[in-house]
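my_file.tsv follows; it contains TSV, C-alpha atoms.
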```
chain	number	residue	atom	x	y	z
A	179	MET	CA	19.40	-53.45	-23.13
A	180	GLU	CA	22.21	-51.21	-24.30
A	181	ALA	CA	25.42	-52.09	-22.43
A	182	GLY	CA	26.23	-48.46	-21.63
A	183	VAL	CA	22.90	-47.78	-19.93
A	184	ILE	CA	23.26	-46.87	-16.24
A	185	ARG	CA	21.72	-49.72	-14.26
A	186	TRP	CA	22.54	-48.68	-10.67
A	187	VAL	CA	24.02	-45.66	-8.88
A	188	HIS	CA	26.13	-45.64	-5.71
A	189	ALA	CA	26.84	-42.58	-3.58
A	190	PHE	CA	30.43	-42.91	-2.37
A	191	VAL	CA	30.98	-40.82	0.78
A	192	ASP	CA	34.63	-39.74	0.85
A	193	ARG	CA	36.17	-38.78	4.18
A	194	PRO	CA	39.74	-38.34	5.47
A	195	ARG	CA	41.28	-41.75	6.06
A	196	ALA	CA	42.21	-40.84	9.63
A	197	ARG	CA	38.51	-40.23	10.37
A	198	PHE	CA	37.14	-43.32	8.65
A	199	GLY	CA	35.88	-44.79	11.93
A	200	GLU	CA	33.93	-41.66	12.87
A	201	ALA	CA	32.40	-41.48	9.41
A	202	ALA	CA	31.46	-45.15	9.42
A	203	GLU	CA	29.83	-44.96	12.85
A	204	PHE	CA	27.75	-41.93	11.90
A	205	TRP	CA	26.65	-42.94	8.40
A	206	THR	CA	25.68	-46.47	9.35
A	207	ALA	CA	23.63	-45.06	12.24
A	208	VAL	CA	21.70	-42.53	10.13
A	209	THR	CA	21.05	-44.95	7.25
A	210	GLY	CA	20.19	-48.03	9.32
A	211	THR	CA	22.96	-50.07	7.71
A	212	ALA	CA	25.87	-52.25	8.79
A	213	LEU	CA	29.47	-51.73	7.71
A	214	SER	CA	30.93	-54.39	5.45
A	215	ALA	CA	34.45	-55.72	5.86
A	216	ARG	CA	36.94	-53.09	4.73
A	217	ARG	CA	38.75	-53.67	1.46
A	218	GLY	CA	41.32	-52.03	-0.79
A	219	ALA	CA	45.11	-51.79	-0.66
A	220	VAL	CA	45.00	-49.89	2.66
A	221	ASP	CA	41.47	-50.90	3.79
A	222	GLU	CA	40.15	-47.63	2.40
A	223	PHE	CA	36.76	-48.89	1.12
A	224	ALA	CA	33.63	-50.25	2.77
A	225	THR	CA	29.96	-50.66	1.89
A	226	LEU	CA	26.96	-49.61	3.98
A	227	VAL	CA	24.91	-52.81	3.89
A	228	PRO	CA	21.11	-52.49	4.28
A	229	ASP	CA	18.86	-55.02	6.00
A	230	GLY	CA	16.83	-57.61	4.16
A	231	ALA	CA	16.73	-58.09	0.42
A	232	ALA	CA	17.63	-54.50	-0.44
A	233	GLU	CA	20.95	-53.83	-2.15
A	234	ALA	CA	23.58	-51.30	-1.17
A	235	CYS	CA	23.73	-47.88	-2.79
A	236	VAL	CA	26.00	-46.04	-0.32
A	237	LYS	CA	29.69	-46.74	0.19
A	238	LEU	CA	32.49	-45.15	2.20
A	239	GLN	CA	36.05	-44.29	1.19
A	240	GLY	CA	38.92	-43.06	3.32
A	241	VAL	CA	40.89	-40.58	1.21
A	242	ALA	CA	44.54	-39.76	1.75
A	243	GLU	CA	44.28	-36.11	0.74
A	244	GLY	CA	41.71	-33.36	1.18
A	245	GLY	CA	38.62	-33.17	3.33
A	246	GLY	CA	36.54	-35.51	1.19
A	247	GLY	CA	33.08	-35.02	-0.21
A	248	VAL	CA	31.09	-37.53	-2.23
A	249	HIS	CA	31.33	-39.03	-5.68
A	250	LEU	CA	29.04	-41.11	-7.88
A	251	ASP	CA	29.70	-44.66	-9.02
A	252	LEU	CA	27.69	-45.31	-12.18
A	253	ALA	CA	27.16	-49.04	-12.68
A	254	VAL	CA	26.84	-50.38	-16.23
A	255	GLU	CA	27.24	-53.61	-18.15
A	256	ASP	CA	30.04	-52.13	-20.26
A	257	VAL	CA	32.40	-49.87	-18.31
A	258	ARG	CA	34.41	-49.02	-21.43
A	259	ALA	CA	31.30	-47.83	-23.26
A	260	LEU	CA	30.33	-45.45	-20.46
A	261	ALA	CA	33.88	-44.16	-19.96
A	262	GLY	CA	34.27	-43.61	-23.69
A	263	ARG	CA	30.99	-41.69	-23.87
A	264	ALA	CA	32.05	-39.55	-20.91
A	265	VAL	CA	35.34	-38.64	-22.60
A	266	GLU	CA	33.55	-37.78	-25.86
A	267	LEU	CA	31.32	-35.42	-23.85
A	268	GLY	CA	34.29	-33.63	-22.26
A	269	ALA	CA	35.26	-35.71	-19.22
A	270	ALA	CA	38.87	-36.59	-18.43
A	271	VAL	CA	40.21	-39.99	-17.39
A	272	VAL	CA	41.86	-39.67	-13.97
A	273	ALA	CA	42.81	-43.33	-13.49
A	274	ASP	CA	42.08	-46.56	-15.36
A	275	HIS	CA	41.97	-49.51	-12.98
A	276	GLY	CA	40.86	-52.02	-15.58
A	277	GLU	CA	37.63	-53.16	-13.94
A	278	TYR	CA	36.62	-49.57	-13.26
A	279	VAL	CA	37.57	-46.12	-14.55
A	280	VAL	CA	37.89	-42.92	-12.51
A	281	LEU	CA	36.82	-39.80	-14.41
A	282	ALA	CA	36.36	-36.09	-13.85
A	283	SER	CA	33.42	-34.27	-15.43
A	284	PRO	CA	34.07	-31.10	-17.46
A	285	ALA	CA	33.64	-29.05	-14.27
A	286	GLY	CA	35.90	-31.39	-12.29
A	287	VAL	CA	33.31	-33.47	-10.44
A	288	PRO	CA	34.67	-36.99	-9.73
A	289	ILE	CA	32.82	-39.97	-11.22
A	290	CYS	CA	33.57	-43.68	-11.44
A	291	ALA	CA	32.34	-46.00	-14.20
A	292	VAL	CA	31.95	-49.40	-12.51
A	293	PRO	CA	30.53	-52.83	-13.43
A	294	TRP	CA	26.90	-53.60	-12.65
A	295	HIS	CA	26.41	-56.67	-10.45
A	296	GLY	CA	22.67	-57.05	-10.87
A	297	GLU	CA	21.53	-54.61	-8.18
A	298	SER	CA	17.85	-53.75	-8.50
A	299	ARG	CA	16.23	-53.30	-5.05
A	300	ARG	CA	16.86	-49.97	-3.35
A	301	PRO	CA	16.91	-49.75	0.48
A	302	GLU	CA	13.76	-48.86	2.38
A	303	VAL	CA	13.15	-45.54	4.13
A	304	PHE	CA	14.85	-45.59	7.55
A	305	GLU	CA	13.22	-43.68	10.42
A	306	GLY	CA	11.60	-41.24	8.01
A	307	THR	CA	14.74	-40.55	5.97
A	308	ARG	CA	16.54	-41.82	2.91
A	309	LEU	CA	19.97	-40.89	1.56
A	310	ASP	CA	18.76	-40.63	-2.02
A	311	GLN	CA	20.51	-37.73	-3.73
A	312	VAL	CA	23.96	-36.40	-4.59
A	313	ALA	CA	24.19	-32.66	-5.22
A	314	LEU	CA	26.92	-31.61	-7.64
A	315	ASP	CA	28.23	-28.17	-6.66
A	316	VAL	CA	29.39	-26.34	-9.79
A	317	THR	CA	30.42	-22.72	-10.38
A	318	ALA	CA	28.23	-20.54	-12.59
A	319	ASP	CA	30.74	-20.37	-15.46
A	320	ALA	CA	30.78	-24.17	-15.80
A	321	TYR	CA	27.14	-24.84	-14.96
A	322	GLU	CA	25.54	-24.95	-18.43
A	323	ALA	CA	28.23	-27.18	-19.86
A	324	GLU	CA	27.97	-29.48	-16.82
A	325	ALA	CA	24.19	-29.78	-17.23
A	326	GLU	CA	24.66	-30.68	-20.90
A	327	PHE	CA	27.33	-33.23	-19.96
A	328	TRP	CA	25.14	-35.05	-17.43
A	329	GLY	CA	22.17	-35.11	-19.77
A	330	GLY	CA	24.32	-36.59	-22.51
A	331	LEU	CA	26.10	-39.08	-20.26
A	332	THR	CA	23.00	-40.47	-18.57
A	333	GLY	CA	20.45	-40.03	-21.34
A	334	TRP	CA	18.06	-38.71	-18.69
A	335	PRO	CA	16.14	-35.41	-18.93
A	336	VAL	CA	17.64	-32.41	-17.13
A	337	LEU	CA	14.76	-30.49	-15.54
A	338	SER	CA	14.43	-27.15	-13.75
A	339	GLY	CA	14.57	-27.54	-9.98
A	340	SER	CA	12.62	-25.88	-7.19
A	341	ARG	CA	14.91	-22.82	-7.38
A	342	PRO	CA	16.82	-21.19	-10.28
A	343	GLU	CA	20.16	-22.52	-9.05
A	344	PHE	CA	19.01	-26.16	-9.17
A	345	ARG	CA	18.49	-28.64	-11.98
A	346	VAL	CA	17.46	-32.26	-11.58
A	347	VAL	CA	19.00	-34.97	-13.73
A	348	LYS	CA	15.87	-37.13	-13.61
A	349	ALA	CA	16.90	-40.73	-13.09
A	350	PRO	CA	14.50	-43.65	-13.59
A	351	ALA	CA	12.38	-44.23	-10.48
A	352	GLU	CA	13.92	-47.63	-9.75
A	353	LEU	CA	17.41	-46.19	-9.25
A	354	PRO	CA	18.36	-45.39	-5.64
A	355	ILE	CA	20.31	-42.14	-6.06
A	356	ARG	CA	19.13	-38.93	-7.73
A	357	ILE	CA	21.49	-36.30	-9.21
A	358	LEU	CA	20.98	-32.61	-8.47
A	359	LEU	CA	23.01	-29.88	-10.17
A	360	HIS	CA	23.64	-26.92	-7.85
A	361	ARG	CA	24.95	-23.66	-9.32
A	362	LEU	CA	27.30	-21.97	-6.86
A	363	ASP	CA	27.34	-18.21	-6.32
A	364	VAL	CA	30.96	-18.33	-5.13
A	365	SER	CA	34.15	-19.37	-6.87
A	366	ARG	CA	35.59	-22.63	-5.56
A	367	PRO	CA	36.51	-26.05	-6.93
A	368	ALA	CA	33.60	-28.23	-8.03
A	369	GLY	CA	32.54	-30.91	-5.61
A	370	ALA	CA	29.54	-32.82	-4.34
A	371	HIS	CA	27.65	-33.62	-1.15
A	372	PRO	CA	24.96	-36.11	-0.10
A	373	ASP	CA	21.34	-35.12	0.53
A	374	LEU	CA	18.83	-36.96	2.67
A	375	ALA	CA	15.08	-36.73	2.06
A	376	CYS	CA	13.30	-36.24	5.40
A	377	ALA	CA	9.68	-36.71	6.41
A	378	ASP	CA	10.37	-34.49	9.44
A	379	ARG	CA	13.47	-32.36	8.92
A	380	SER	CA	13.53	-30.92	12.46
A	381	ALA	CA	13.30	-34.34	14.09
A	382	THR	CA	16.01	-35.69	11.81
A	383	ARG	CA	18.28	-32.75	12.57
A	384	ALA	CA	17.88	-33.37	16.32
A	385	ALA	CA	18.61	-37.07	15.91
A	386	HIS	CA	21.73	-36.34	13.86
A	387	GLU	CA	22.94	-33.79	16.40
A	388	GLU	CA	22.67	-36.47	19.10
A	389	LEU	CA	25.00	-38.56	16.97
A	390	GLY	CA	27.56	-35.75	16.77
A	391	ALA	CA	26.53	-33.77	13.69
A	392	VAL	CA	26.40	-29.97	13.80
A	393	THR	CA	23.89	-27.65	12.12
A	394	VAL	CA	25.66	-25.21	9.79
A	395	ALA	CA	22.77	-23.28	8.18
A	396	GLU	CA	18.98	-23.35	7.91
A	397	HIS	CA	17.14	-22.66	4.66
A	398	PRO	CA	13.41	-22.87	3.86
A	399	HIS	CA	13.62	-26.34	2.29
A	400	TRP	CA	16.96	-27.72	3.46
A	401	THR	CA	19.38	-27.72	6.40
A	402	VAL	CA	23.16	-27.79	5.92
A	403	MET	CA	24.86	-30.15	8.38
A	404	ARG	CA	28.42	-31.17	9.20
A	405	ASP	CA	28.99	-34.79	10.20
A	406	PRO	CA	31.42	-35.92	12.94
A	407	SER	CA	34.15	-36.54	10.36
A	408	ASP	CA	33.84	-32.89	9.21
A	409	GLY	CA	31.98	-33.53	5.95
A	410	LEU	CA	29.04	-31.42	4.78
A	411	TYR	CA	25.65	-32.86	3.83
A	412	CYS	CA	22.06	-31.62	3.64
A	413	LEU	CA	18.73	-32.60	5.15
A	414	THR	CA	15.99	-31.75	2.67
A	415	ALA	CA	12.22	-31.40	2.93
A	416	ARG	CA	11.63	-33.94	0.16
A	417	ASN	CA	9.39	-36.99	0.35
A	418	PRO	CA	11.60	-39.98	1.25
A	419	ASP	CA	9.44	-42.28	-0.90
A	420	THR	CA	9.31	-40.19	-4.08
A	421	GLY	CA	12.31	-37.86	-3.68
A	422	THR	CA	10.18	-34.85	-4.60
A	423	LEU	CA	9.08	-31.81	-2.58
```
Could you rewrite the structure in this file as structure tokens?
Amino acid sequence: MEAGVIRWVHAFVDRPRARFGEAAEFWTAVTGTALSARRGAVDEFATLVPDGAAEACVKLQGVAEGGGGVHLDLAVEDVRALAGRAVELGAAVVADHGEYVVLASPAGVPICAVPWHGESRRPEVFEGTRLDQVALDVTADAYEAEAEFWGGLTGWPVLSGSRPEFRVVKAPAELPIRILLHRLDVSRPAGAHPDLACADRSATRAAHEELGAVTVAEHPHWTVMRDPSDGLYCLTARNPDTGTL
């Protein structure tokens, strides 16, 4: 298989370092995972470890600046090949850490090219939900170029979504995290947020509120939430098994 092919995808939930504990308590509870030992120069990283033979696809980072968000770690056999392709397509290198490379997409969405460690078994649905998607929030003026970038970087088809402002970067079914492009109708820096597929969105919302989350807005097919560490995410009316409406 080509070394630059994306073999696994991690959703890295970024939250203020001072609120790492709140974020860890909430996100392990809603994903049915356990928190790994913390790692990094200032213990800023941890992995949400699923039960059984499944392999992790969600991680947590305490960031020193800003309110956080989420970023994608794209796991490949050849990090240099993926990073080089990203730069050719218009990305910028933010930091080169040797083993992994931090990049920014043409619109400014953060990405990491990281080594693949053989992951192949995605976590099971937990209590009718699965954190299975990262939505990339991009302004209208950068949207077309961003869609072209992600199609070129991944080699996956970019398909029309359920609404005009959405496009799906259709990952292979065996990968645990989908990528959704969301065209913003306001001007603000590009970012990203996690989406959970929910068999029963109302029941999931109530359960998350009991854990300290707050409902921000209701839409026909998704609910915008704010977690206890002040980060936004969405509950969506997608099938947790297939990821589709």
Give me, as a PDB file with C-alpha atoms, keeping the file's coordinate frame, all polymer residues having an atom no more than 12 Å from Thr206 in chain A, counting all atoms listed in the file and skipping those fewer than 6 positions away in the same chain.
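Below is the file selection-v5.pdb, written as the result:
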```pdb
ATOM      1  CA  VAL A 191      30.980 -40.820   0.780  1.00  0.00           C
ATOM      2  CA  PHE A 198      37.140 -43.320   8.650  1.00  0.00           C
ATOM      3  CA  GLY A 199      35.880 -44.790  11.930  1.00  0.00           C
ATOM      4  CA  GLU A 200      33.930 -41.660  12.870  1.00  0.00           C
ATOM      5  CA  ALA A 212      25.870 -52.250   8.790  1.00  0.00           C
ATOM      6  CA  LEU A 213      29.470 -51.730   7.710  1.00  0.00           C
ATOM      7  CA  SER A 214      30.930 -54.390   5.450  1.00  0.00           C
ATOM      8  CA  ALA A 224      33.630 -50.250   2.770  1.00  0.00           C
ATOM      9  CA  THR A 225      29.960 -50.660   1.890  1.00  0.00           C
ATOM     10  CA  LEU A 226      26.960 -49.610   3.980  1.00  0.00           C
ATOM     11  CA  VAL A 227      24.910 -52.810   3.890  1.00  0.00           C
ATOM     12  CA  PRO A 228      21.110 -52.490   4.280  1.00  0.00           C
ATOM     13  CA  ASP A 229      18.860 -55.020   6.000  1.00  0.00           C
ATOM     14  CA  ALA A 234      23.580 -51.300  -1.170  1.00  0.00           C
ATOM     15  CA  VAL A 236      26.000 -46.040  -0.320  1.00  0.00           C
ATOM     16  CA  LYS A 237      29.690 -46.740   0.190  1.00  0.00           C
ATOM     17  CA  LEU A 238      32.490 -45.150   2.200  1.00  0.00           C
ATOM     18  CA  PHE A 304      14.850 -45.590   7.550  1.00  0.00           C
ATOM     19  CA  LEU A 309      19.970 -40.890   1.560  1.00  0.00           C
ATOM     20  CA  HIS A 386      21.730 -36.340  13.860  1.00  0.00           C
ATOM     21  CA  LEU A 389      25.000 -38.560  16.970  1.00  0.00           C
TER      22      LEU A 389
END
```
All residues 9 Å or closer to range 270-281 of chain A, all atoms listed in the file, same chain fewer than 6 positions away omitted, as JSON, numbers by chain
{"A": [257, 258, 261, 264, 287, 288, 289, 290, 291, 292, 293]}
Please determine, counting all atoms listed in the file, which residue among A:Gly210, A:Glu243, A:Leu413, A:Gly286 has the shortest atom-to-atom distance to Val303 in chain A.
A:Gly210
For the point (43.4, -49.6, -0.4) in file coordinates, what residues are within 12 Å, counting all atoms listed in the file? Give the answer as a PDB file with C-alpha atoms, in the coordinates of the input?
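Resulting contents of out-v1.pdb:
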```
ATOM      1  CA  ARG A 195      41.280 -41.750   6.060  1.00  0.00           C
ATOM      2  CA  ARG A 216      36.940 -53.090   4.730  1.00  0.00           C
ATOM      3  CA  ARG A 217      38.750 -53.670   1.460  1.00  0.00           C
ATOM      4  CA  GLY A 218      41.320 -52.030  -0.790  1.00  0.00           C
ATOM      5  CA  ALA A 219      45.110 -51.790  -0.660  1.00  0.00           C
ATOM      6  CA  VAL A 220      45.000 -49.890   2.660  1.00  0.00           C
ATOM      7  CA  ASP A 221      41.470 -50.900   3.790  1.00  0.00           C
ATOM      8  CA  GLU A 222      40.150 -47.630   2.400  1.00  0.00           C
ATOM      9  CA  PHE A 223      36.760 -48.890   1.120  1.00  0.00           C
ATOM     10  CA  ALA A 224      33.630 -50.250   2.770  1.00  0.00           C
ATOM     11  CA  GLN A 239      36.050 -44.290   1.190  1.00  0.00           C
ATOM     12  CA  GLY A 240      38.920 -43.060   3.320  1.00  0.00           C
ATOM     13  CA  VAL A 241      40.890 -40.580   1.210  1.00  0.00           C
ATOM     14  CA  ALA A 242      44.540 -39.760   1.750  1.00  0.00           C
TER      15      ALA A 242
END
```
My list of candidates is A:Leu337, A:Ala320, A:Leu358, A:Val364. Which is closest to Leu250 in chain A when distances are computed with only C-alpha atoms?
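Residue with the minimum atom-to-atom distance to Leu250 in chain A: A:Leu358.
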Within 8 Å of (18.0, -44.6, -11.4) in the file's own coordinates, which protein, DNA or RNA residues have an atom, counting only C-alpha atoms? List them as a VMD selection string.
chain A and resid 184 to 187 349 to 356
Report the distance between CA of Asp419 in chain A and CA of Val312 in chain A in Å, rounded to one decimal place.
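Distance reported for this atom pair: 16.1 Å.
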Non-local contacts of Asp256 in chain A (7 Å; all atoms listed in the file; under 2 positions in same chain excluded) as a VMD selection string
chain A and resid 181 to 182 254 258 to 260 293
Once 5 Å is added on each side, what are the centre and the three edge lengths, in Å to one decimal, of the axis-aligned box enclosing the listed atoms of range 192-198 of chain A? Present them as JSON.
```
{"center_x": 38.4, "center_y": -40.8, "center_z": 5.6, "size_x": 17.6, "size_y": 15.0, "size_z": 19.5}
```
Interatomic distance, CA of Leu331 in chain A to CA of Ala415 in chain A (Å, one decimal):
28.1 Å
When you count only C-alpha atoms, which of these residues is closest to Thr401 in chain A: A:Arg300, A:Arg379, A:Arg345, A:Arg416?
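Of A:Arg300, A:Arg379, A:Arg345, A:Arg416, the one nearest Thr401 in chain A is A:Arg379, counting only C-alpha atoms.
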Given the choices A:Asp405, A:Ala370, A:Leu359, A:Ala285, which gets closest to Gly329 in chain A if the distance is worked out from all atoms listed in the file?
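Of A:Asp405, A:Ala370, A:Leu359, A:Ala285, the one nearest Gly329 in chain A is A:Leu359, counting all atoms listed in the file.
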